[in-house]
2 protein chains.
Amino acid sequence: MNKARNFWGWGNIEDISNPNEVDLLRSLVTNTFSVEGSLMPYPNIDDIVLPENSLKIPNALESISTDSKYERALHTRGRSFIDVTRSLSGDFASAPDFVIYPENENDILFAMDWCAERNCALVPFGGGSSVVGGLELKLGERERFEGVVSLDLGKMNSMLELDKTSRTGQFQGGMLGPKIEDDLRRNGLTLRHFPQSFEFSSLGGWIATRAGGHFATGITHIDDLVESIQVVSPIGIYETRSLPASGAGPDPNRLFMGSEGSLGVITSAWMRLQDRPIYKVSYSALFDSFKSGVDAARELVQSGLAPSNCRLLDPLEAFINGAGNGAKAVLIVGFESGDHSVEHLERRSIEIVKQNGGEISGKKEGETWKSSFIRAPYIRDTLIRLGVIAETFETAVKWNKFDEFHNAIIDNVTKGIEKVAEGKGLVTCRLTHLYPDGSAPYFTVLAKARPGSEISQWMEIKELASQTILDNGGTITHHHAVGRDHQKWYKSEIPEHIYKGFEALKHHFDPHGILNPGAVINL
Amino acid sequence: MNKARNFWGWGNIEDISNPNEVDLLRSLVTNTFSVEGSLMPYPNIDDIVLPENSLKIPNALESISTDSKYERALHTRGRSFIDVTRSLSGDFASAPDFVIYPENENDILFAMDWCAERNCALVPFGGGSSVVGGLELKLGERERFEGVVSLDLGKMNSMLELDKTSRTGQFQGGMLGPKIEDDLRRNGLTLRHFPQSFEFSSLGGWIATRAGGHFATGITHIDDLVESIQVVSPIGIYETRSLPASGAGPDPNRLFMGSEGSLGVITSAWMRLQDRPIYKVSYSALFDSFKSGVDAARELVQSGLAPSNCRLLDPLEAFINGAGNGAKAVLIVGFESGDHSVEHLERRSIEIVKQNGGEISGKKEGETWKSSFIRAPYIRDTLIRLGVIAETFETAVKWNKFDEFHNAIIDNVTKGIEKVAEGKGLVTCRLTHLYPDGSAPYFTVLAKARPGSEISQWMEIKELASQTILDNGGTITHHHAVGRDHQKWYKSEIPEHIYKGFEALKHHFDPHGILNPGAVINL
C-alpha cells in the first residue's frame with residue numbers, strides 16, 4: 001500500500017531518480033562542474049552499522065515503540081544536504097535509541113514523563129523533512145542525556161472533525177499533506193498549503209516550524225491558517241480556543257508557532273479551509289534583467305491584486321529549470337479563485353508587467369508547477385550522488401534593501417565557490433514569496449564536491465551566506481526554520497532580552513529541558 | 001492650537017454634544033426608556049477633589065513631569081461607561097501621583113528604574129481611550145505600591161523615517177491617529193488603520209492592545225501592519241528586526257501585541273503602509289431578517305472578494321442609526337483600491353447579496369462612515385448624562401455557532417435589562433468584522449439608569465453577557481482588549497498552562513512587577 005520511506009535521503013525509495021533522469025543530470029554536471037559523474041551507490045540497511053542503544057524500550061512503552069534498525073536509521077536526522085551526505089556515507093552514530101509511535105495525547109504525556117525521569121531527550125518527528133538540523137542532537141548536546149528517543153506522530157493522522165459552515169476542520173498533528181488534501185477533496189474543500197515538502201511533512205511540523213506554502217502572496221503561511229492548537233508539554237495537555245479572531249492578550253497560538261518542538265508537541269489543530277479553486281489563469285513573462293523583473297514583482301504585489309503565484313527566476317535559474325535561454329529573467333504569474341473569474345486581475349497584472357519591460361511569453365489555463373516542485377528534492381539527492389554540492393538557503397528582506405542585498409549574496413557566495421570549489425559552481429536566485437514591503441529570495445548553490453570534504457566545503461559557503469544575510473538586513477530563515485543549523489545567526493537576529501524571554505517560556509513548558517534540546521532555544 | 005482634552009469623558013471638551021444634539025437624544029430616550037431627560041452637569045476641574053499625592057516628583061524627573069490637578073485627573077482612567085460615570089460623579093480617588101511625559105527611550109528606562117526602586121506602579125498611557133480598565137489600578141492593587149505614576153507617550157509623536165520603496169514608515173509610539181495620517185497624506189500613503197478611537201488612541205496603544213480598524217475584512221488588525229517594534233522594559237531597550245516576513249522562532253513582535261503595557265512600552269514601530277485608495281464603491285442592502293443578512297455576509301467573506309467594508313446591522317440598530325424602518329437588517333458593503341477598478345468585485349458581491357434575499361437600497365461613490373463612527377463616543381457620553389446606561393461589548397465567534405450564540409446573548413442580556421432596569425432598555429447587534437470562519441458581533445446596550453446605581457446595574461448585565469460569550473464559544477474580546485475588566489473571563493478563556501507561560505514572561509521582562517499591574521497578566 002504505502003511506498004517504503006527512504007532512510008538515507010528524500011522521500012520514498014522507489015521514487016529516487018530513474019536511469020533517464022540520472023543521465024540527464026549527469027550530462028549537465030559533468031560539463032558544468034567538471035565532476036567525474038559516476039553515481040555514488042546508496043547504502044543498504046543491512047550494511048550500515050548503528051550504535052548499540054543506550055536505552056532499552058521500557059515495558060510500559062513496548063506496544064507503541066520500536067527499535068528496529070530501519071526505524072532507528074530513518075529517524076536519525078532530517079534531509080538537508082549535510083544530512084543526506086552523512087547518511088550516504090553510512091554515518092548513523094546519532095541514531096535514536098528507539099522510536100515511539102504514540103496513538104493519543106496521553107501516550108505522549110506518558111513518554112515525556114518517562115524521559116524526564118530518566119533524563120532522556122525526546123525529539124518530536126512529523127514527516128522528517130527538516131533541512132535545518134531540527135531532528136538530530138548536536139555533538140555535545142547528546143552527552144548531556146542518558147539517551148535519545150524519537151517521537152513519531154505518524155499514527156495520529158486523522159481528520160477529527162469538519163465544520164463546513166465555518167469552513168474549518170480539526171486535524172491531528174501527524175497528518176502528512178496528501179492525506180489532509182485527500183480527506184478534504186471529498187468535501188470540496190482544501191487547506192491549500194503546499195510547501196515543497198508537502199508529501200513528507202506534517203501539519204504539526206508545519207505549525208511548529210511556521211511553514212510557507214507554494215503560493216506567492218496572500219494566505220500562504222501556515223500561521224494564518226491556524227484557528228487553535230492542542231499541545232502536549234511535559235507540564236500537561238491543553239488546547240486553545242477555536243476562534244476566527246481574538247484580541248485577548250498575546251496570541252496563545254503564536255507562542256508555539258516557530259517553537260519547533262521545544263515547548264511542546266502540537267497534536268491537533270483547527271485549521272481554516274477554503275473552497276477548491278475553479279478559476280485559474282497563469283502566464284509567464286520575460287525580462288531583460290533580473291532587476292526589471294524585481295521592479296515588476298514589487299509593483300504587482302503592492303497593487304493589491306494578490307496573485308496566487310508570482311515567482312521570479314533569475315536568468316540562470318530559469319535556464320536550469322528549462323525556462324528561458326539563460327539571458328532573461330522569468331516571472332510566472334497566476335491567479336485563482338473558488339468563486340469568481342480572475343481575468344480582470346490578470347489583465348491589470350499584465351499592464352504592470354509590460355510597464356516594467358516584461359514580455360508575455362506563455363499563457364495557460366491551470367497550473368503545472370506541482371510535479372516539478374515536488375520532484376526537486378529527489379533531484380538534489382541525485383546531484384549529491386553525482387559529486388555535486390547541492391543546497392539552498394532562503395531569507396526575506398525589505399524592498400529598499402533588495403538590490404544591495406542580492407548583489408552582496410551573489411558576490412560573496414561566488415567568492416565562496418571560488419575558494420572551496422575552484423569556481424566550479426554557481427549560485428542562482430528566485431523570489432518565492434512577495435509582500436508589499438519586501439520579498440523572500442531563495443538561493444540555490446551547486447558546486448563541485450571534493451569527496452570526503454563536501455560538508456566542510458558547504459559549511460564555508462553557508463557561513464558566508466548567512467553572515468551576508470544578517471549584515472544586509474535579511475532574516476536567517478523565511479520558512480525553513482531555525483533548527484540547530486541556524487541557531488547562531490538566530491541568536492544574533494533577535495534581541496537578547498527577547499531570546500531570554502523565550503528561555504523563560506522553555507523553562508516553564510519543559511522544566512527538565514528534554515524536548516528537542518538545542519533546537520531554536522538553546523538552553 | 002490643540003483643542004483641550006476632556007478630563008471626565010471622551011475626546012475634546014469643545015466637541016461634546018451641542019444643544020441640538022442633546023435635544024435629539026433627549027427626545028429619543030425620554031420616549032424609549034422613560035427617563036426624565038434632564039442633562040447631568042459635568043464637573044469643572046476646580047470643583048473636583050484629588051487625593052494628596054503620596055509621591056512627589058523627584059528632581060531627576062522634574063523637567064518631564066507634572067502633577068497639575070488637570071493632568072492628574074485626565075490620566076486617572078480610561079473612557080468606558082463605568083469610567084465616565086465615576087468621573088461625572090467627581091470620583092478621582094485613584095488619580096496618579098504625577099504624570100511623566102518622556103521625550104525618548106532613556107527617559108522611560110530612567111522612569112522605570114526610579115519606580116522599581118521605590119515600588120511604584122507605572123501605567124503606560126497612549127491616547128487614554130481604554131474601555132476595559134487598562135489605565136487604572138484596581139482597589140487592592142494600588143495598596144501594594146508606594147504610589148502610581150502615569151507615563152504619557154504624548155511627546156514621542158514623530159514620524160522618524162519613511163521608506164517609499166518598501167512602503168513602510170517608522171513612527172513613534174505616542175503618535176495619535178490623525179498625526180500619522182497627516183504625515184502620510186503628504187506622501188500619498190496611508191496606514192489605513194481606523195479604530196473608532198482613531199482621534200484619541202496611539203500607535204503604541206494600538207499595538208499593545210491588538211486594535212482592530214474600521215475595515216471589515218482583509219488587513220484591518222494592527223497586528224498585520226507591524227514590521228518591527230522598539231520596546232523599553234525595566235530590563236532594557238531593544239528593537240526587533242524590520243522584515244517583511246520571517247520564520248525564525250516564535251514571532252518576537254507578537255509577544256508584545258496584546259501585552260497591554262505589562263511587559264514593556266512600545267516606543268516606536270516600523271509599519272506597513274498602503275497607497276491611498278482611489279477607486280471606491282459602496283452600497284447598502286436590506287434583508288427581511290438578521291439571519292438572512294448573516295448568511296449573505298458569510299457567503300461574501302467566504303467568496304474571497306474581500307470587501308473593505310461589510311457591516312451588518314440588525315433591524316433595531318439600523319433604525320437607531322437612521323437606516324431602515326426598524327423591520328429590516330441593513331448590510332453596508334464597500335470596496336476600495338489604490339490601483340484598479342473594483343466594480344467587477346462589487347457586481348459579484350451584489351449577486352451574492354441578492355441570492356440571499358437582499359434588496360439593494362442605496363449606492364454611492366466614496367464613503368461617509370467616518371464622521372458618525374468617530375462621533376459615537378461623544379453621543380454615548382451625552383446619553384450617560386441623560387440618565388441612560390450606554391455601553392457596548394464585542395466578541396468573535398465561528399459561523400457554525402453564530403445563531404445559537406446570538407440568540408443566547410440577546411435572550412440573556414434582555415433578561416438582564418428586565419431585572420436591572422425593569423425592561424426599560426434594549427440590546428442591538430452589528431457585525432463589525434468578517435472572517436471566512438466567523439464574525440465579530442458587536443452589541444450595544446441602552447437602558448434606564450437608576451441614579452447612583454448605574455455601575456452596579458451595568459456590572460450585572462456585563463457579567464451575564466460575558467458568561468454567555470464564554471459559554472457559547474466566543475472570545476471575551478475581539479479588539480477592545482483585556483485590561484482589568486475582562487481579566488476574570490480572559491483567565492477562563494485561555495489554558496492555564498499558557499497563562500502561566502505569560503506570567504513567566506512577565507517575571508522576565510518586568511521583574512519587579514511595576515508595569516501596569518493587574519492588566520492582562522495579573523500577578
# chains A, B, ... in the order shown; residues from 1 in each chain; ligands from 1
call {"tool": "select_by_dssp", "arguments": {"residues": "stretch 80-219 of chain A", "states": "helix (DSSP H, G or I)", "output": "PDB file with N, CA and C atoms, in the first residue's frame"}}
result
ATOM      1  N   PHE A  81      21.298  18.867   2.782  1.00  0.00           N
ATOM      2  CA  PHE A  81      22.468  18.377   2.040  1.00  0.00           C
ATOM      3  C   PHE A  81      23.441  17.671   2.979  1.00  0.00           C
ATOM      4  N   ILE A  82      23.693  18.291   4.119  1.00  0.00           N
ATOM      5  CA  ILE A  82      24.622  17.686   5.081  1.00  0.00           C
ATOM      6  C   ILE A  82      24.069  16.364   5.596  1.00  0.00           C
ATOM      7  N   ASP A  83      22.777  16.353   5.898  1.00  0.00           N
ATOM      8  CA  ASP A  83      22.145  15.127   6.400  1.00  0.00           C
ATOM      9  C   ASP A  83      22.308  13.978   5.395  1.00  0.00           C
ATOM     10  N   VAL A  84      21.965  14.259   4.152  1.00  0.00           N
ATOM     11  CA  VAL A  84      21.994  13.201   3.136  1.00  0.00           C
ATOM     12  C   VAL A  84      23.436  12.761   2.882  1.00  0.00           C
ATOM     13  N   THR A  85      24.363  13.710   2.884  1.00  0.00           N
ATOM     14  CA  THR A  85      25.772  13.369   2.677  1.00  0.00           C
ATOM     15  C   THR A  85      26.261  12.426   3.779  1.00  0.00           C
ATOM     16  N   ARG A  86      25.896  12.746   5.010  1.00  0.00           N
ATOM     17  CA  ARG A  86      26.338  11.884   6.119  1.00  0.00           C
ATOM     18  C   ARG A  86      25.666  10.512   6.046  1.00  0.00           C
ATOM     19  N   SER A  87      24.394  10.504   5.695  1.00  0.00           N
ATOM     20  CA  SER A  87      23.699   9.212   5.613  1.00  0.00           C
ATOM     21  C   SER A  87      24.266   8.361   4.476  1.00  0.00           C
ATOM     22  N   LEU A  88      24.547   8.993   3.346  1.00  0.00           N
ATOM     23  CA  LEU A  88      25.129   8.243   2.220  1.00  0.00           C
ATOM     24  C   LEU A  88      26.474   7.642   2.614  1.00  0.00           C
ATOM     25  N   GLU A 105      -2.807  11.655  22.987  1.00  0.00           N
ATOM     26  CA  GLU A 105      -2.116  12.650  23.806  1.00  0.00           C
ATOM     27  C   GLU A 105      -1.559  12.036  25.096  1.00  0.00           C
ATOM     28  N   ASN A 106      -2.305  11.109  25.657  1.00  0.00           N
ATOM     29  CA  ASN A 106      -1.834  10.513  26.909  1.00  0.00           C
ATOM     30  C   ASN A 106      -0.554   9.706  26.717  1.00  0.00           C
ATOM     31  N   ASP A 107      -0.459   9.034  25.565  1.00  0.00           N
ATOM     32  CA  ASP A 107       0.788   8.321  25.254  1.00  0.00           C
ATOM     33  C   ASP A 107       1.970   9.289  25.270  1.00  0.00           C
ATOM     34  N   ILE A 108       1.737  10.466  24.702  1.00  0.00           N
ATOM     35  CA  ILE A 108       2.827  11.449  24.599  1.00  0.00           C
ATOM     36  C   ILE A 108       3.203  11.955  25.985  1.00  0.00           C
ATOM     37  N   LEU A 109       2.194  12.277  26.774  1.00  0.00           N
ATOM     38  CA  LEU A 109       2.468  12.759  28.125  1.00  0.00           C
ATOM     39  C   LEU A 109       3.222  11.690  28.925  1.00  0.00           C
ATOM     40  N   PHE A 110       2.818  10.457  28.752  1.00  0.00           N
ATOM     41  CA  PHE A 110       3.497   9.360  29.438  1.00  0.00           C
ATOM     42  C   PHE A 110       4.959   9.280  28.987  1.00  0.00           C
ATOM     43  N   ALA A 111       5.169   9.390  27.678  1.00  0.00           N
ATOM     44  CA  ALA A 111       6.546   9.331  27.146  1.00  0.00           C
ATOM     45  C   ALA A 111       7.389  10.488  27.702  1.00  0.00           C
ATOM     46  N   MET A 112       6.776  11.659  27.807  1.00  0.00           N
ATOM     47  CA  MET A 112       7.513  12.815  28.343  1.00  0.00           C
ATOM     48  C   MET A 112       7.897  12.589  29.803  1.00  0.00           C
ATOM     49  N   ASP A 113       6.940  12.060  30.565  1.00  0.00           N
ATOM     50  CA  ASP A 113       7.230  11.744  31.977  1.00  0.00           C
ATOM     51  C   ASP A 113       8.391  10.759  32.073  1.00  0.00           C
ATOM     52  N   TRP A 114       8.298   9.755  31.253  1.00  0.00           N
ATOM     53  CA  TRP A 114       9.324   8.710  31.280  1.00  0.00           C
ATOM     54  C   TRP A 114      10.694   9.314  30.954  1.00  0.00           C
ATOM     55  N   CYS A 115      10.736  10.150  29.918  1.00  0.00           N
ATOM     56  CA  CYS A 115      12.010  10.764  29.508  1.00  0.00           C
ATOM     57  C   CYS A 115      12.537  11.725  30.573  1.00  0.00           C
ATOM     58  N   ALA A 116      11.618  12.484  31.177  1.00  0.00           N
ATOM     59  CA  ALA A 116      12.053  13.451  32.190  1.00  0.00           C
ATOM     60  C   ALA A 116      12.665  12.723  33.387  1.00  0.00           C
ATOM     61  N   GLU A 117      12.044  11.654  33.786  1.00  0.00           N
ATOM     62  CA  GLU A 117      12.562  10.901  34.940  1.00  0.00           C
ATOM     63  C   GLU A 117      13.951  10.342  34.690  1.00  0.00           C
ATOM     64  N   ARG A 118      14.200   9.939  33.444  1.00  0.00           N
ATOM     65  CA  ARG A 118      15.484   9.296  33.121  1.00  0.00           C
ATOM     66  C   ARG A 118      16.465  10.225  32.417  1.00  0.00           C
ATOM     67  N   ARG A 142      24.133  15.674  22.988  1.00  0.00           N
ATOM     68  CA  ARG A 142      23.707  14.307  23.259  1.00  0.00           C
ATOM     69  C   ARG A 142      24.292  13.773  24.561  1.00  0.00           C
ATOM     70  N   GLU A 143      25.510  14.207  24.839  1.00  0.00           N
ATOM     71  CA  GLU A 143      26.226  13.688  26.020  1.00  0.00           C
ATOM     72  C   GLU A 143      25.533  14.098  27.329  1.00  0.00           C
ATOM     73  N   ARG A 144      24.713  15.146  27.261  1.00  0.00           N
ATOM     74  CA  ARG A 144      24.034  15.587  28.476  1.00  0.00           C
ATOM     75  C   ARG A 144      22.911  14.636  28.891  1.00  0.00           C
ATOM     76  N   LEU A 153       4.817  11.156  15.143  1.00  0.00           N
ATOM     77  CA  LEU A 153       3.369  11.381  15.235  1.00  0.00           C
ATOM     78  C   LEU A 153       2.580  10.646  14.156  1.00  0.00           C
ATOM     79  N   GLY A 154       3.274   9.764  13.424  1.00  0.00           N
ATOM     80  CA  GLY A 154       2.687   9.146  12.237  1.00  0.00           C
ATOM     81  C   GLY A 154       1.388   8.397  12.448  1.00  0.00           C
ATOM     82  N   LYS A 155       1.109   7.973  13.674  1.00  0.00           N
ATOM     83  CA  LYS A 155      -0.154   7.244  13.884  1.00  0.00           C
ATOM     84  C   LYS A 155      -1.273   8.175  14.331  1.00  0.00           C
ATOM     85  N   GLY A 177       0.730  16.029   4.267  1.00  0.00           N
ATOM     86  CA  GLY A 177      -0.018  16.833   3.309  1.00  0.00           C
ATOM     87  C   GLY A 177      -1.025  16.067   2.466  1.00  0.00           C
ATOM     88  N   PRO A 178      -0.595  14.985   1.794  1.00  0.00           N
ATOM     89  CA  PRO A 178      -1.529  14.308   0.876  1.00  0.00           C
ATOM     90  C   PRO A 178      -2.789  13.786   1.573  1.00  0.00           C
ATOM     91  N   LYS A 179      -2.659  13.289   2.791  1.00  0.00           N
ATOM     92  CA  LYS A 179      -3.838  12.748   3.475  1.00  0.00           C
ATOM     93  C   LYS A 179      -4.815  13.874   3.814  1.00  0.00           C
ATOM     94  N   ILE A 180      -4.284  15.012   4.240  1.00  0.00           N
ATOM     95  CA  ILE A 180      -5.164  16.153   4.532  1.00  0.00           C
ATOM     96  C   ILE A 180      -5.954  16.531   3.284  1.00  0.00           C
ATOM     97  N   GLU A 181      -5.243  16.663   2.170  1.00  0.00           N
ATOM     98  CA  GLU A 181      -5.936  17.089   0.948  1.00  0.00           C
ATOM     99  C   GLU A 181      -6.886  16.012   0.421  1.00  0.00           C
ATOM    100  N   ASP A 182      -6.520  14.740   0.568  1.00  0.00           N
ATOM    101  CA  ASP A 182      -7.431  13.664   0.151  1.00  0.00           C
ATOM    102  C   ASP A 182      -8.733  13.730   0.942  1.00  0.00           C
ATOM    103  N   ASP A 183      -8.613  13.893   2.254  1.00  0.00           N
ATOM    104  CA  ASP A 183      -9.811  13.933   3.101  1.00  0.00           C
ATOM    105  C   ASP A 183     -10.676  15.146   2.768  1.00  0.00           C
ATOM    106  N   LEU A 184     -10.025  16.244   2.377  1.00  0.00           N
ATOM    107  CA  LEU A 184     -10.787  17.464   2.105  1.00  0.00           C
ATOM    108  C   LEU A 184     -11.378  17.473   0.697  1.00  0.00           C
ATOM    109  N   ARG A 185     -10.674  16.862  -0.238  1.00  0.00           N
ATOM    110  CA  ARG A 185     -11.142  16.865  -1.625  1.00  0.00           C
ATOM    111  C   ARG A 185     -12.556  16.289  -1.710  1.00  0.00           C
ATOM    112  N   PHE A 198       5.604  19.002   0.917  1.00  0.00           N
ATOM    113  CA  PHE A 198       4.202  18.603   1.078  1.00  0.00           C
ATOM    114  C   PHE A 198       3.977  17.116   1.367  1.00  0.00           C
ATOM    115  N   GLU A 199       4.630  16.240   0.575  1.00  0.00           N
ATOM    116  CA  GLU A 199       4.361  14.808   0.708  1.00  0.00           C
ATOM    117  C   GLU A 199       4.936  14.213   1.992  1.00  0.00           C
ATOM    118  N   PHE A 200       5.960  14.876   2.534  1.00  0.00           N
ATOM    119  CA  PHE A 200       6.699  14.276   3.646  1.00  0.00           C
ATOM    120  C   PHE A 200       6.828  15.220   4.835  1.00  0.00           C
ATOM    121  N   LEU A 203       1.194  18.317   9.464  1.00  0.00           N
ATOM    122  CA  LEU A 203       0.522  19.520   9.937  1.00  0.00           C
ATOM    123  C   LEU A 203       1.188  20.072  11.194  1.00  0.00           C
ATOM    124  N   GLY A 204       1.460  19.191  12.155  1.00  0.00           N
ATOM    125  CA  GLY A 204       2.107  19.647  13.395  1.00  0.00           C
ATOM    126  C   GLY A 204       3.475  20.238  13.120  1.00  0.00           C
ATOM    127  N   GLY A 205       4.196  19.624  12.200  1.00  0.00           N
ATOM    128  CA  GLY A 205       5.512  20.139  11.819  1.00  0.00           C
ATOM    129  C   GLY A 205       5.405  21.496  11.143  1.00  0.00           C
ATOM    130  N   TRP A 206       4.413  21.641  10.271  1.00  0.00           N
ATOM    131  CA  TRP A 206       4.231  22.940   9.598  1.00  0.00           C
ATOM    132  C   TRP A 206       4.008  24.053  10.622  1.00  0.00           C
ATOM    133  N   ILE A 207       3.146  23.752  11.603  1.00  0.00           N
ATOM    134  CA  ILE A 207       2.821  24.789  12.592  1.00  0.00           C
ATOM    135  C   ILE A 207       4.031  25.072  13.483  1.00  0.00           C
ATOM    136  N   ALA A 208       4.693  24.008  13.899  1.00  0.00           N
ATOM    137  CA  ALA A 208       5.841  24.166  14.802  1.00  0.00           C
ATOM    138  C   ALA A 208       6.997  24.910  14.132  1.00  0.00           C
ATOM    139  N   THR A 209       7.063  24.850  12.795  1.00  0.00           N
ATOM    140  CA  THR A 209       8.188  25.494  12.089  1.00  0.00           C
ATOM    141  C   THR A 209       7.758  26.711  11.279  1.00  0.00           C
TER     142      THR A 209
END
call {"tool": "residues_around", "arguments": {"residues": "A:Phe290", "least_positions_apart": "5", "cutoff": "12 Å", "atoms": "only C-alpha atoms", "output": "ChimeraX atom specification"}}
result
/A:285,295-297,311-318,326-331,356-358,402-403,406-407,428-431
call {"tool": "closest_residue", "arguments": {"among": "B:Leu225, B:Ala390, B:Ala481, B:Leu137", "to": "chain A", "atoms": "only C-alpha atoms"}}
result
B:Ala481
call {"tool": "residues_around", "arguments": {"residues": "A:Tyr101", "least_positions_apart": "4", "cutoff": "6 Å", "atoms": "only C-alpha atoms", "output": "list in words"}}
result
Ile64, Ser65 and Asp152 of chain A
call {"tool": "residues_around", "arguments": {"residues": "stretch 417-427 of chain B", "least_positions_apart": "4", "cutoff": "9 Å", "atoms": "only C-alpha atoms", "output": "list in words"}}
result
Thr32, Phe33, Ser34, Val35, Leu316, Glu317, Val388, Ile389, Ile410, Asn412, Val413, Phe443, Thr444, Val445, Leu446, Ala447, Lys448, Ala449, Arg450, Ser456, Gln457, Trp458, Glu460 and Ile461 of chain B
call {"tool": "atom_distance", "arguments": {"atom1": "atom CA of B:Asp97", "atom2": "atom CA of B:Arg484"}}
result
20.2 Å
call {"tool": "atom_distance", "arguments": {"atom1": "atom CA of A:Leu151", "atom2": "atom CA of A:Arg210"}}
result
19.6 Å
call {"tool": "residues_around", "arguments": {"residues": "B:Asn253", "least_positions_apart": "3", "cutoff": "9 Å", "atoms": "only C-alpha atoms", "output": "list in words"}}
result
Asp223, Val226, Glu227, Ser228, Ile229, Thr240, Pro250, Phe256 and Met257 of chain B
call {"tool": "atom_distance", "arguments": {"atom1": "atom CA of B:Gly387", "atom2": "atom CA of B:Ala323"}}
result
25.0 Å
call {"tool": "select_by_dssp", "arguments": {"residues": "stretch 414-467 of chain B", "states": "strand (DSSP E or B)", "output": "PDB file with C-alpha atoms, in the first residue's frame"}}
result
ATOM      1  CA  GLY B 425     -33.801  49.233  27.605  1.00  0.00           C
ATOM      2  CA  LEU B 426     -32.644  47.420  24.513  1.00  0.00           C
ATOM      3  CA  VAL B 427     -29.748  45.454  23.096  1.00  0.00           C
ATOM      4  CA  THR B 428     -28.738  45.608  19.440  1.00  0.00           C
ATOM      5  CA  CYS B 429     -26.145  43.812  17.340  1.00  0.00           C
ATOM      6  CA  ARG B 430     -23.947  44.570  14.385  1.00  0.00           C
ATOM      7  CA  LEU B 431     -21.218  42.534  12.735  1.00  0.00           C
ATOM      8  CA  THR B 432     -18.142  44.739  12.558  1.00  0.00           C
ATOM      9  CA  HIS B 433     -15.564  42.311  11.157  1.00  0.00           C
ATOM     10  CA  LEU B 434     -15.960  39.245   8.988  1.00  0.00           C
ATOM     11  CA  TYR B 435     -13.679  36.259   8.564  1.00  0.00           C
ATOM     12  CA  GLY B 438     -16.604  33.561  11.672  1.00  0.00           C
ATOM     13  CA  SER B 439     -17.500  37.102  12.549  1.00  0.00           C
ATOM     14  CA  ALA B 440     -17.090  39.750  15.217  1.00  0.00           C
ATOM     15  CA  PRO B 441     -20.510  40.675  16.643  1.00  0.00           C
ATOM     16  CA  TYR B 442     -20.660  43.994  18.453  1.00  0.00           C
ATOM     17  CA  PHE B 443     -23.510  44.628  20.886  1.00  0.00           C
ATOM     18  CA  THR B 444     -24.864  47.934  22.141  1.00  0.00           C
ATOM     19  CA  VAL B 445     -26.857  48.124  25.353  1.00  0.00           C
ATOM     20  CA  LEU B 446     -29.006  51.127  26.273  1.00  0.00           C
ATOM     21  CA  ALA B 447     -31.100  51.044  29.444  1.00  0.00           C
ATOM     22  CA  LYS B 448     -32.648  53.287  32.022  1.00  0.00           C
TER      23      LYS B 448
END
call {"tool": "closest_residue", "arguments": {"among": "A:His479, A:Gly9, A:Ala376, A:Ser68", "to": "A:Ile320", "atoms": "only C-alpha atoms"}}
result
A:Ala376
call {"tool": "residues_around", "arguments": {"residues": "B:Asp275", "least_positions_apart": "2", "cutoff": "7 Å", "atoms": "only C-alpha atoms", "output": "VMD selection string"}}
result
chain B and resid 188 to 190 277 338
call {"tool": "write_last_selection", "arguments": {"atoms": "C-alpha atoms", "output": "CSV table (one decimal), in the first residue's frame"}}
result
chain,number,residue,atom,x,y,z
B,188,GLY,CA,0.4,59.8,-0.9
B,189,LEU,CA,0.4,56.9,1.6
B,190,THR,CA,-1.8,55.8,4.4
B,277,PRO,CA,-7.4,54.4,-2.2
B,338,GLY,CA,-5.4,52.3,-4.8
call {"tool": "closest_residue", "arguments": {"among": "A:Phe319, A:Tyr70, A:Phe373, A:Tyr238", "to": "chain B", "atoms": "only C-alpha atoms"}}
result
A:Tyr238
call {"tool": "closest_residue", "arguments": {"among": "A:Gly483, A:Gly133, A:Gly334, A:Gly452", "to": "chain B", "atoms": "only C-alpha atoms"}}
result
A:Gly483
call {"tool": "closest_residue", "arguments": {"among": "A:Asp47, A:Asp23, A:Glu463, A:Asp485", "to": "chain B", "atoms": "only C-alpha atoms"}}
result
A:Asp485
call {"tool": "decode", "arguments": {"residues": "stretch 52-63 of chain A", "atoms": "N, CA and C atoms", "output": "compact mmCIF listing (two decimals), in the first residue's frame"}}
result
# COMPACT_ATOMS: atom_id res chain seq x y z
N GLU A 52 25.00 0.71 19.51
CA GLU A 52 24.11 -0.05 20.38
C GLU A 52 23.21 0.93 21.14
N ASN A 53 21.92 0.59 21.31
CA ASN A 53 21.05 1.51 22.05
C ASN A 53 21.52 1.61 23.49
N SER A 54 21.58 2.83 23.97
CA SER A 54 21.93 3.03 25.39
C SER A 54 20.68 2.89 26.26
N LEU A 55 19.53 2.90 25.63
CA LEU A 55 18.26 2.72 26.34
C LEU A 55 17.53 1.55 25.73
N LYS A 56 16.91 0.75 26.55
CA LYS A 56 16.01 -0.29 26.05
C LYS A 56 14.58 0.23 26.14
N ILE A 57 13.72 -0.25 25.27
CA ILE A 57 12.31 0.14 25.33
C ILE A 57 11.72 -0.38 26.64
N PRO A 58 11.12 0.49 27.44
CA PRO A 58 10.53 0.00 28.69
C PRO A 58 9.24 -0.76 28.41
N ASN A 59 8.88 -1.61 29.30
CA ASN A 59 7.65 -2.40 29.12
C ASN A 59 6.44 -1.52 28.86
N ALA A 60 6.38 -0.43 29.60
CA ALA A 60 5.18 0.41 29.52
C ALA A 60 5.02 1.05 28.14
N LEU A 61 6.11 1.15 27.37
CA LEU A 61 6.03 1.77 26.05
C LEU A 61 6.16 0.74 24.93
N GLU A 62 6.26 -0.51 25.32
CA GLU A 62 6.60 -1.54 24.33
C GLU A 62 5.60 -1.61 23.19
N SER A 63 4.32 -1.49 23.50
CA SER A 63 3.30 -1.69 22.47
C SER A 63 3.29 -0.57 21.43
